[in-house]
Amino acid sequence: MSGIEEFLEELAALTAKHGILIEGCGCCCSPYLERTGADHKNLPIRFGLTYVPKTGRYALDAE
């Protein structure tokens with residue numbers, strides 16, 4: 001599990017900093033972004049989160 005705990009700590013810090021978390025669909029586990037906080041109704045803000053190895057970045061599907 002080398003690096004996993006550190007990754008999760010950094011991911012938690014990013015979630016706290018930006019108020020956005022990564023969730024997964026209950027039926028297909030597709031990742032999506034969701035805002036955190038009591039004033040949000042836990043509705044996804046963008047579907048289609050994908051890591052693109054060629055660019056080394058994450059991308060979102062077009063709306």
# chains A, B, ... in the order shown; residues from 1 in each chain; ligands from 1

call {"tool": "select_by_dssp", "arguments": {"residues": "range 3-63 of chain A", "states": "strand (DSSP E or B)", "output": "ChimeraX atom specification"}}
result
/A:20-24,31-35,44-47,49-52,57-60

call {"tool": "closest_residue", "arguments": {"among": "A:Ile20, A:Thr50, A:Leu14, A:Ser2", "to": "Leu33 in chain A", "atoms": "only C-alpha atoms"}}
result
A:Ile20

call {"tool": "select_by_dssp", "arguments": {"residues": "range 6-44 of chain A", "states": "helix (DSSP H, G or I)", "output": "MDAnalysis selection string"}}
result
chainID A and resid 6:18

call {"tool": "atom_distance", "arguments": {"atom1": "CA of Phe7 in chain A", "atom2": "CA of Pro31 in chain A"}}
result
17.0 Å

call {"tool": "residues_around", "arguments": {"residues": "Leu49 in chain A", "least_positions_apart": "6", "cutoff": "12 Å", "atoms": "only C-alpha atoms", "output": "list in words"}}
result
Leu21, Ile22, Glu23, Gly24, Cys25, Cys29, Ser30, Pro31, Tyr32, Leu33, Glu34, Arg57, Tyr58, Ala59, Leu60, Asp61, Ala62 and Glu63 of chain A

call {"tool": "closest_residue", "arguments": {"among": "A:Ile4, A:Gly56, A:Thr36, A:Cys28", "to": "Ala16 in chain A", "atoms": "only C-alpha atoms"}}
result
A:Thr36

call {"tool": "atom_distance", "arguments": {"atom1": "CA of Thr15 in chain A", "atom2": "CA of Gly37 in chain A"}}
result
10.8 Å
